[in-house]
Amino acid sequence: MVSPSVTNATRDDPHVELSRVRMAFGDREVFRSVSCRFRRGRISVVLGGSGSGKSTVLRLIGGLVRPQAGSIRVDGDDILQRSERQMYPIRKKLGMMFQDGALLDSMTVFENLAFPLREHTAGSKAEIAAAVRASLDAVGLSRVDDLLPGQLSGGMVKRVALARAIILRPIILLCDEPFSGLDPISVKLIEGLLVRVNRQLHATVIIVSHHIASTMRMADNVILLLPDGTIDGTAEELRRSTDPRVVAFLNEDADVPAPAADARW
Amino acid sequence: MVTPVEDLGWSATRFVVDLGRLALFGFQVVRAALAPPLRVRRFVQEVFKLGVLSLIIISVCGLAVGMVLSLQGYNTLVRFGAEQSLGAVVGLSLIRELGPVLTALLATGRAGSATTAEIGTMVATEQLDALRMMSVDPVDLVVTPRALAMVFVMPLLAALFIVFGLFGGYLVGVGLMGVDPGAYMSSLQSAVDFRDDVVGGLLKALIFGVLVGLIATYRGFTAAPTSAGVGAATTSTVVVASVSILIFDYVITALWGA
């Protein structure tokens, strides 16, 4: 089992850092110059409107996409200097919970969780089975081992995805919209699980979300992604902010263009 | 006047770029096949999916093609009093051309399109990204076992197609048209050369296996992550692989004959 890395770094060190990152897909520019820091051992939430590039931030940190300019440091490594194959050792420090789970649909829940252990540890069958059971217990799931991902509810998929993301004890956990499509009880459940991962594994948790209530409850640090840059601070600082863009976003009354008067359904 | 020329230029450039990417992709597959871990279990699963599940369609089509070949061959040969050579006509047609080519086309339609759709769906649902995030190379885990299985099963399926084709030809020629069984078998035996015909035919099937395996996995791997993208990639696999099979068939026949 991989254990969390212990370094001399303090909790306020940036564990992940993006500097002047420009990202575009073809002609479509996602953001021109984004800089932000995610502190070690903290829960950071990236907020922003649809299409603002929130999920792209996570994909950049994971090295799944490459920016046109800027630099990205993950646990001290400049990942843009690394090839795809050289990224694999870095990614062993990361766990990622995808928006729709991204569970391997040809495998059962048990196999999905056992898969990273089989690939990266030398554990026996019994040890792997015990680790899978422990992870499922930790996310409050039982008797789902033999089910395929297609047989799970949305909330269960999120929990299995979280269990898989943390099974190798990552030091950085990336979560893409962990609360989307969930009922309020499931939101609270996932929120509690993410806080436990942060407290018990001492993992840096980076969450991309639209869910303002959860963000305000759990975030140590909030980064608001705007078309012309970022605004960051603690949840409390953002709540007290008088910046009209922050106020509009937090009050969910951003200036939305009204439909044309003669619009027809 | 400039625009059509520009379009032609762009199309030519895209074609060359695509060929280059396919070659690089092929290199990645070979590298993954040679480097540990060897994913034997996955390979066997794919052989089952691509090969064993194609047995019925290959057998039925082989039988039907052999029967119609025998019928047409008999009707032509009988005009010249050469119906005793029916075994040679059916055998050579099946072993040299129809066996490998039709098997490859059938495998493209059944197994190649399924491979593209499967990998394309994994792209669209971020499963390949999830593998990357788990430090697992998707080319190694998802692509290589499927491509190798296609190369492995194609000659075996072609051999099966040929055997059923010969049997179908025998049934119609001997059973229906009254050709002497001994004459049918002896003309078949004397006309077919092991190196030139049998080895040549199976070598063709092997090359078609490489083509279909590479095109199907590449199209799936590079599919746009939408349902329309997966559909387009699947169609593209069938079209590109089928045309490539027919073009390569001519090239291999010309080179092997020379």
# chains A, B, ... in the order shown; residues from 1 in each chain; ligands from 1
call {"tool": "interface_residues", "arguments": {"of": "chain B", "to": "chain A", "cutoff": "8 Å", "atoms": "only C-alpha atoms", "output": "number ranges by chain"}}
result
B: 125-127, 129-130, 132-136
call {"tool": "select_by_dssp", "arguments": {"residues": "segment 88-263 of chain A", "states": "strand (DSSP E or B)", "output": "MDAnalysis selection string"}}
result
chainID A and resid 94:98 101 172:176 204:208 221:226 229:233
call {"tool": "write_last_selection", "arguments": {"atoms": "C-alpha atoms", "output": "short mmCIF file (atom, residue, chain, number, x, y, z; two decimals), in the first residue's frame"}}
result
data_model
loop_
_atom_site.label_atom_id
_atom_site.label_comp_id
_atom_site.auth_asym_id
_atom_site.auth_seq_id
_atom_site.Cartn_x
_atom_site.Cartn_y
_atom_site.Cartn_z
CA LEU A 94 -2.80 11.80 -7.44
CA GLY A 95 -6.28 10.39 -7.18
CA MET A 96 -9.03 11.65 -9.44
CA MET A 97 -12.77 11.39 -9.00
CA PHE A 98 -14.36 12.06 -12.40
CA GLY A 101 -17.35 8.27 -12.20
CA ILE A 172 -3.56 15.01 -3.80
CA LEU A 173 -7.20 14.25 -4.53
CA LEU A 174 -8.86 15.90 -7.54
CA CYS A 175 -12.67 15.90 -7.60
CA ASP A 176 -14.63 16.99 -10.65
CA THR A 204 -4.67 18.04 -0.44
CA VAL A 205 -8.20 18.04 -1.83
CA ILE A 206 -9.01 20.11 -4.92
CA ILE A 207 -12.67 20.22 -5.81
CA VAL A 208 -14.35 21.73 -8.82
CA ASN A 221 -9.76 28.05 0.32
CA VAL A 222 -12.02 29.11 -2.54
CA ILE A 223 -10.86 30.09 -6.01
CA LEU A 224 -13.37 31.84 -8.22
CA LEU A 225 -12.55 31.40 -11.89
CA LEU A 226 -13.51 34.47 -13.92
CA GLY A 229 -8.46 35.90 -13.97
CA THR A 230 -9.13 34.47 -10.53
CA ILE A 231 -10.20 35.69 -7.12
CA ASP A 232 -9.20 33.58 -4.16
CA GLY A 233 -9.57 33.62 -0.42
#
call {"tool": "residues_around", "arguments": {"residues": "Ile95 of chain B", "least_positions_apart": "4", "cutoff": "12 Å", "atoms": "only C-alpha atoms", "output": "PyMOL selection string"}}
result
chain B and resi 62+66+87-91+99-103+155+158-166+188+191-205
call {"tool": "atom_distance", "arguments": {"atom1": "atom CA of Ser209 of chain A", "atom2": "atom CA of His15 of chain A"}}
result
19.8 Å
call {"tool": "closest_residue", "arguments": {"among": "A:Arg28, A:Val187, A:Met218, A:His210", "to": "Leu250 of chain A", "atoms": "only C-alpha atoms"}}
result
A:His210
call {"tool": "atom_distance", "arguments": {"atom1": "atom CA of Leu8 of chain B", "atom2": "atom CA of Tyr218 of chain B"}}
result
24.1 Å
call {"tool": "residues_around", "arguments": {"residues": "Met177 of chain B", "least_positions_apart": "2", "cutoff": "10 Å", "atoms": "only C-alpha atoms", "output": "PyMOL selection string"}}
result
chain B and resi 70-71+74-75+83+170-175+179-180
call {"tool": "residues_around", "arguments": {"residues": "segment 30-40 of chain A", "least_positions_apart": "2", "cutoff": "7 Å", "atoms": "only C-alpha atoms", "output": "NGL selection string"}}
result
:A and (11-24 or 28 or 42 or 44 or 52-53 or 204 or 227 or 229-230)
call {"tool": "atom_distance", "arguments": {"atom1": "atom CA of Pro37 of chain B", "atom2": "atom CA of Asp137 of chain B"}}
result
11.0 Å
call {"tool": "closest_residue", "arguments": {"among": "A:Asp146, A:Ser186, A:Ala163, A:Glu177", "to": "Lys54 of chain A", "atoms": "only C-alpha atoms"}}
result
A:Glu177
call {"tool": "select_by_dssp", "arguments": {"residues": "segment 4-223 of chain B", "states": "alpha helix (DSSP H)", "output": "PyMOL selection string"}}
result
chain B and resi 4-34+40-50+55-77+86-92+99-107+113-124+127-133+138+144-170+181-191+200-221
call {"tool": "closest_residue", "arguments": {"among": "A:Glu236, A:Asp145, A:Asp228, A:Asp220", "to": "Glu29 of chain A", "atoms": "only C-alpha atoms"}}
result
A:Asp228
call {"tool": "closest_residue", "arguments": {"among": "B:Gly209, B:Pro138, B:Gly112, B:Pro225", "to": "Ala124 of chain B", "atoms": "only C-alpha atoms"}}
result
B:Pro225
call {"tool": "closest_residue", "arguments": {"among": "B:Ala107, B:Leu98, B:Ala23, B:Leu214", "to": "Leu53 of chain B", "atoms": "only C-alpha atoms"}}
result
B:Ala107
